[in-house]
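Undergrad: Structure in C-alpha cells, see below.
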Amino acid sequence: MGVTKEQVESSLKAKLNPSHVEVIDTSGGCGASFVVEIVSEQFEGKRLLERHRIVNAALEEEMIEIHALSIKKAVTPEQWKQQQESSNSVA
Amino acid sequence: MATFLSNIIFKGIASRSLTTHLSSSCYYGMRYLNTVSNDPDTHDDFKPANKNESSGISLSDVVEKDVKDNPVMIYMKGVPDFPQCGFSSLAVRVLKHYDVPLSARNILEDPELKGAVKAFSHWPTFPQIFIKGEFVGGSDIILNMHQNGELKEMLKDIKSKQ
C-alpha cells in the first residue's frame, strides 16, 4: 500500500547522492503525499525547474503512487551551508 | 435517484480500497469519472464526454494552443474561484497577486487532457503553470519565484486584465 518515507529516502539517496535529505510523510499514513528537502551537488548550476525535474525523475517509480510531492528545498551543498548559517544568526 | 447515487458512492469506495494508489482526497473527482466510465450498467449520459473526439483536434494540439494563446495558463484541479486541491489553490493565490489575465483548465473534468498536459510538459503533478508559452513549474516553484521576485520580472510585460 502506497509508498513509505523510507522508500522515498532510499531512492533519493541512491540516485542523487545527497549530503542531506529529509522526507516527511504528510499523507497521514497512506503514503501518497510527501514533503522533501534535499541537498545535492547534482543541483549545481541548475535552475529550480531543472532541480525539481531531477527529483521527479529520481522518484519516477514512486511517483506513480505518490499523489503530492512538495519539494520544499532542492539546494546545492554551498547554498545549504549559507542557509544554515543565516538561519542560525537570526535565531 | 438516491439509490443510484448511493450506488455510485458505494462503488467508488469499493474500488478505492482495491487500488493502491490515488489515495488523496484531491483525486476524488477523477476517481469518480473512472468508476463511472468502466461501469457497464451506467447510462451513456453519465459517461465523461470527450469534447474533442469529433473535431479532429488532438489534445496535445489543444495544450499547445492554450499555452501559446494565453500568457498565463494554469492546468489545475478545480477552477480558480474554487480550487479542489491545496496546491492548485496556492498557485492561484500566488498568481492573483499580479494584475495579469489568468487562464485555467480543470483537469479533474477531463482525464485525457490531464494525460496530454503531463506528456506535454514531462511533469508528473498538478497544478502546472505556463507563462508566455514556457512551462514554469508547479506550486512549489511558482511560490519560490514569487518570493524571490522572478515571477514579477517574468509577468511585467504581460498586459493587465483591463
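In the C-alpha cells, each chain is lettered A, B, ... as it comes, each chain's residues begin at 1, and ligands are numbered from 1 in order of appearance.
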Would you kindly report the residues of chain A within 10 Å of chain B, using only C-alpha atoms, as a ChimeraX atom specification?

TA: /A:1-3,27-28,30-33,48-50,52-53,56-57,60,63-73

Undergrad: Which neighbours of region 80-89 of chain A fall inside 12 Å, counting only C-alpha atoms, when residues of the same chain fewer than 6 positions from it are skipped, and could you give them as a list in words?

TA: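 So, after excluding close chain neighbours, the residues are Pro18, Ser19, His20, Val21, Glu37, Ile38, Val39, Ser40, Glu41, Phe43, Glu44, Lys73 and Ala74 of chain A.
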
Undergrad: Write the residues you've just listed into a file as a compact mmCIF listing (two decimals), in the first residue's frame, and include C-alpha atoms for each of them.

TA:
# COMPACT_ATOMS: atom_id res chain seq x y z
CA PRO A 18 22.64 13.89 -1.31
CA SER A 19 24.64 15.33 1.55
CA HIS A 20 21.38 15.95 3.35
CA VAL A 21 17.92 14.58 2.75
CA GLU A 37 14.18 18.65 1.44
CA ILE A 38 17.32 17.66 -0.40
CA VAL A 39 20.88 18.91 -0.72
CA SER A 40 22.92 17.55 -3.61
CA GLU A 41 25.88 18.54 -5.74
CA PHE A 43 21.86 20.67 -8.47
CA GLU A 44 24.93 22.78 -9.13
CA LYS A 73 14.19 22.63 -0.84
CA ALA A 74 16.45 21.46 -3.64

Undergrad: So that I can check the secondary structure, give me every residue of chain A assigned strand (DSSP E) by backbone DSSP, as a list in words.

TA: His20, Val21, Glu22, Val23, Ile24, Asp25, Ser33, Phe34, Val35, Val36, Glu37, Ile38, Val39, Ala68, Leu69, Ser70, Ile71, Lys72, Lys73, Ala74 and Val75 of chain A

Undergrad: Write the selection just made, keeping N, CA and C atoms, as a short mmCIF file (atom, residue, chain, number, x, y, z; two decimals), in the first residue's frame?

TA:
data_model
loop_
_atom_site.label_atom_id
_atom_site.label_comp_id
_atom_site.auth_asym_id
_atom_site.auth_seq_id
_atom_site.Cartn_x
_atom_site.Cartn_y
_atom_site.Cartn_z
N HIS A 20 22.43 15.88 2.34
CA HIS A 20 21.38 15.95 3.35
C HIS A 20 20.05 15.63 2.67
N VAL A 21 19.25 14.82 3.30
CA VAL A 21 17.92 14.58 2.75
C VAL A 21 16.93 14.40 3.88
N GLU A 22 15.79 15.06 3.73
CA GLU A 22 14.75 14.89 4.73
C GLU A 22 13.43 14.67 4.02
N VAL A 23 12.76 13.59 4.37
CA VAL A 23 11.47 13.27 3.76
C VAL A 23 10.42 13.23 4.87
N ILE A 24 9.35 13.97 4.65
CA ILE A 24 8.27 13.95 5.62
C ILE A 24 7.01 13.41 4.95
N ASP A 25 6.42 12.41 5.56
CA ASP A 25 5.17 11.86 5.05
C ASP A 25 4.03 12.73 5.55
N SER A 33 1.59 11.34 -0.09
CA SER A 33 1.93 12.75 -0.06
C SER A 33 3.19 12.97 0.79
N PHE A 34 4.18 13.61 0.18
CA PHE A 34 5.46 13.80 0.87
C PHE A 34 5.99 15.22 0.70
N VAL A 35 6.73 15.65 1.69
CA VAL A 35 7.49 16.89 1.56
C VAL A 35 8.97 16.50 1.60
N VAL A 36 9.73 17.03 0.66
CA VAL A 36 11.12 16.64 0.53
C VAL A 36 12.04 17.85 0.63
N GLU A 37 13.14 17.64 1.35
CA GLU A 37 14.18 18.65 1.44
C GLU A 37 15.47 17.93 1.07
N ILE A 38 16.17 18.42 0.06
CA ILE A 38 17.32 17.66 -0.40
C ILE A 38 18.48 18.57 -0.80
N VAL A 39 19.67 18.15 -0.41
CA VAL A 39 20.88 18.91 -0.72
C VAL A 39 21.79 17.99 -1.55
N ALA A 68 1.03 13.67 -4.14
CA ALA A 68 1.53 15.04 -3.96
C ALA A 68 2.96 15.01 -3.45
N LEU A 69 3.85 15.62 -4.22
CA LEU A 69 5.24 15.72 -3.79
C LEU A 69 5.59 17.19 -3.73
N SER A 70 5.85 17.66 -2.54
CA SER A 70 6.22 19.05 -2.39
C SER A 70 7.73 19.10 -2.17
N ILE A 71 8.43 19.72 -3.09
CA ILE A 71 9.87 19.83 -2.96
C ILE A 71 10.17 21.18 -2.31
N LYS A 72 10.34 21.12 -1.00
CA LYS A 72 10.48 22.36 -0.25
C LYS A 72 11.84 22.98 -0.51
N LYS A 73 12.83 22.13 -0.58
CA LYS A 73 14.19 22.63 -0.84
C LYS A 73 14.91 21.68 -1.77
N ALA A 74 15.55 22.24 -2.77
CA ALA A 74 16.45 21.46 -3.64
C ALA A 74 17.64 22.36 -3.86
N VAL A 75 18.63 22.24 -2.98
CA VAL A 75 19.75 23.18 -2.99
C VAL A 75 21.10 22.47 -3.10
#

Undergrad: Enumerate the residues of chain A with a DSSP assignment of helix (DSSP H, G or I), computed from the backbone, and present them as a short mmCIF file (atom, residue, chain, number, x, y, z; two decimals) with N, CA and C atoms, in the first residue's frame.

TA:
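Result went into part.cif, see below:
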data_model
loop_
_atom_site.label_atom_id
_atom_site.label_comp_id
_atom_site.auth_asym_id
_atom_site.auth_seq_id
_atom_site.Cartn_x
_atom_site.Cartn_y
_atom_site.Cartn_z
N LYS A 5 8.07 6.49 3.49
CA LYS A 5 9.08 7.53 3.65
C LYS A 5 10.46 6.94 3.38
N GLU A 6 10.69 5.71 3.87
CA GLU A 6 11.99 5.05 3.71
C GLU A 6 12.28 4.78 2.23
N GLN A 7 11.24 4.36 1.49
CA GLN A 7 11.43 4.10 0.05
C GLN A 7 11.84 5.38 -0.68
N VAL A 8 11.15 6.47 -0.35
CA VAL A 8 11.45 7.74 -1.00
C VAL A 8 12.88 8.16 -0.66
N GLU A 9 13.22 8.03 0.60
CA GLU A 9 14.57 8.40 1.04
C GLU A 9 15.64 7.56 0.36
N SER A 10 15.41 6.25 0.27
CA SER A 10 16.46 5.40 -0.29
C SER A 10 16.60 5.64 -1.79
N SER A 11 15.51 5.91 -2.49
CA SER A 11 15.63 6.23 -3.92
C SER A 11 16.40 7.52 -4.13
N LEU A 12 16.09 8.51 -3.30
CA LEU A 12 16.78 9.79 -3.43
C LEU A 12 18.27 9.64 -3.12
N LYS A 13 18.56 8.85 -2.09
CA LYS A 13 19.96 8.64 -1.71
C LYS A 13 20.72 7.90 -2.81
N ALA A 14 20.07 6.89 -3.37
CA ALA A 14 20.73 6.09 -4.39
C ALA A 14 21.00 6.90 -5.65
N LYS A 15 20.06 7.77 -6.01
CA LYS A 15 20.19 8.42 -7.32
C LYS A 15 20.82 9.81 -7.28
N LEU A 16 20.71 10.49 -6.15
CA LEU A 16 21.19 11.88 -6.14
C LEU A 16 22.39 12.10 -5.21
N GLU A 41 24.98 17.86 -4.80
CA GLU A 41 25.88 18.54 -5.74
C GLU A 41 25.33 18.51 -7.15
N GLN A 42 24.45 17.55 -7.40
CA GLN A 42 23.88 17.44 -8.75
C GLN A 42 23.02 18.65 -9.13
N PHE A 43 22.68 19.49 -8.16
CA PHE A 43 21.86 20.67 -8.47
C PHE A 43 22.71 21.86 -8.92
N LEU A 48 15.81 26.08 -10.73
CA LEU A 48 14.90 25.36 -9.84
C LEU A 48 14.05 24.32 -10.60
N LEU A 49 13.56 24.73 -11.78
CA LEU A 49 12.74 23.81 -12.57
C LEU A 49 13.51 22.53 -12.89
N GLU A 50 14.78 22.70 -13.28
CA GLU A 50 15.60 21.53 -13.61
C GLU A 50 15.88 20.68 -12.36
N ARG A 51 16.07 21.36 -11.24
CA ARG A 51 16.30 20.63 -9.98
C ARG A 51 15.08 19.78 -9.62
N HIS A 52 13.91 20.39 -9.79
CA HIS A 52 12.69 19.63 -9.50
C HIS A 52 12.54 18.47 -10.47
N ARG A 53 12.92 18.69 -11.72
CA ARG A 53 12.83 17.60 -12.70
C ARG A 53 13.75 16.44 -12.30
N ILE A 54 14.93 16.78 -11.77
CA ILE A 54 15.87 15.74 -11.32
C ILE A 54 15.25 14.92 -10.19
N VAL A 55 14.62 15.62 -9.24
CA VAL A 55 13.99 14.91 -8.11
C VAL A 55 12.82 14.07 -8.61
N ASN A 56 12.00 14.65 -9.47
CA ASN A 56 10.87 13.88 -10.03
C ASN A 56 11.36 12.63 -10.75
N ALA A 57 12.45 12.79 -11.51
CA ALA A 57 12.98 11.65 -12.27
C ALA A 57 13.53 10.58 -11.33
N ALA A 58 14.17 11.02 -10.25
CA ALA A 58 14.71 10.05 -9.29
C ALA A 58 13.59 9.24 -8.64
N GLU A 60 10.72 8.46 -10.14
CA GLU A 60 9.79 8.12 -11.21
C GLU A 60 8.86 6.96 -10.83
N GLU A 61 9.45 5.90 -10.29
CA GLU A 61 8.64 4.73 -9.92
C GLU A 61 7.65 5.06 -8.81
N GLU A 62 8.15 5.77 -7.81
CA GLU A 62 7.32 6.10 -6.66
C GLU A 62 6.20 7.07 -7.06
N MET A 63 6.50 7.94 -8.03
CA MET A 63 5.53 8.98 -8.40
C MET A 63 4.20 8.39 -8.89
N PRO A 77 25.11 21.97 -1.85
CA PRO A 77 25.72 21.98 -0.52
C PRO A 77 26.12 23.39 -0.08
N GLU A 78 26.58 24.20 -1.03
CA GLU A 78 27.02 25.54 -0.70
C GLU A 78 25.84 26.41 -0.26
N GLN A 79 24.74 26.34 -1.03
CA GLN A 79 23.54 27.10 -0.67
C GLN A 79 23.02 26.65 0.69
N TRP A 80 23.08 25.36 0.91
CA TRP A 80 22.59 24.79 2.16
C TRP A 80 23.37 25.35 3.35
N LYS A 81 24.69 25.42 3.17
CA LYS A 81 25.57 25.95 4.21
C LYS A 81 25.20 27.41 4.53
N GLN A 82 25.03 28.19 3.45
CA GLN A 82 24.66 29.60 3.63
C GLN A 82 23.33 29.74 4.36
N GLN A 83 22.37 28.92 3.94
CA GLN A 83 21.04 28.99 4.56
C GLN A 83 21.09 28.61 6.03
N GLN A 84 21.89 27.59 6.33
CA GLN A 84 22.02 27.16 7.73
C GLN A 84 22.62 28.29 8.58
N GLU A 85 23.67 28.90 8.01
CA GLU A 85 24.35 29.96 8.74
C GLU A 85 23.42 31.16 8.98
N SER A 86 22.69 31.55 7.91
CA SER A 86 21.83 32.74 8.07
C SER A 86 20.67 32.44 9.02
N SER A 87 20.14 31.21 9.00
CA SER A 87 19.05 30.91 9.92
C SER A 87 19.56 30.83 11.36
N ASN A 88 20.81 30.41 11.52
CA ASN A 88 21.40 30.37 12.85
C ASN A 88 21.61 31.76 13.42
N SER A 89 22.07 32.66 12.52
CA SER A 89 22.35 34.00 13.00
C SER A 89 21.07 34.74 13.38
N VAL A 90 19.97 34.41 12.68
CA VAL A 90 18.67 35.01 13.03
C VAL A 90 18.20 34.48 14.40
#

Undergrad: Could you pull the residues within 6 Å of Ala104 (chain B), counting only C-alpha atoms, minus those fewer than 6 positions along the same chain, as JSON, numbers by chain?

TA: {"B": [73, 74, 75]}

Undergrad: Quote the spacing between CA of Leu108 (chain B) and CA of Val79 (chain B) in Å to one decimal place.

TA: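 The value is 9.6 Å.
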
Undergrad: Separation of CA of Val92 (chain B) and CA of Pro80 (chain B), in Å?

TA: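 So the two atoms, CA of Val92 (chain B) and CA of Pro80 (chain B), lie 6.1 Å apart.
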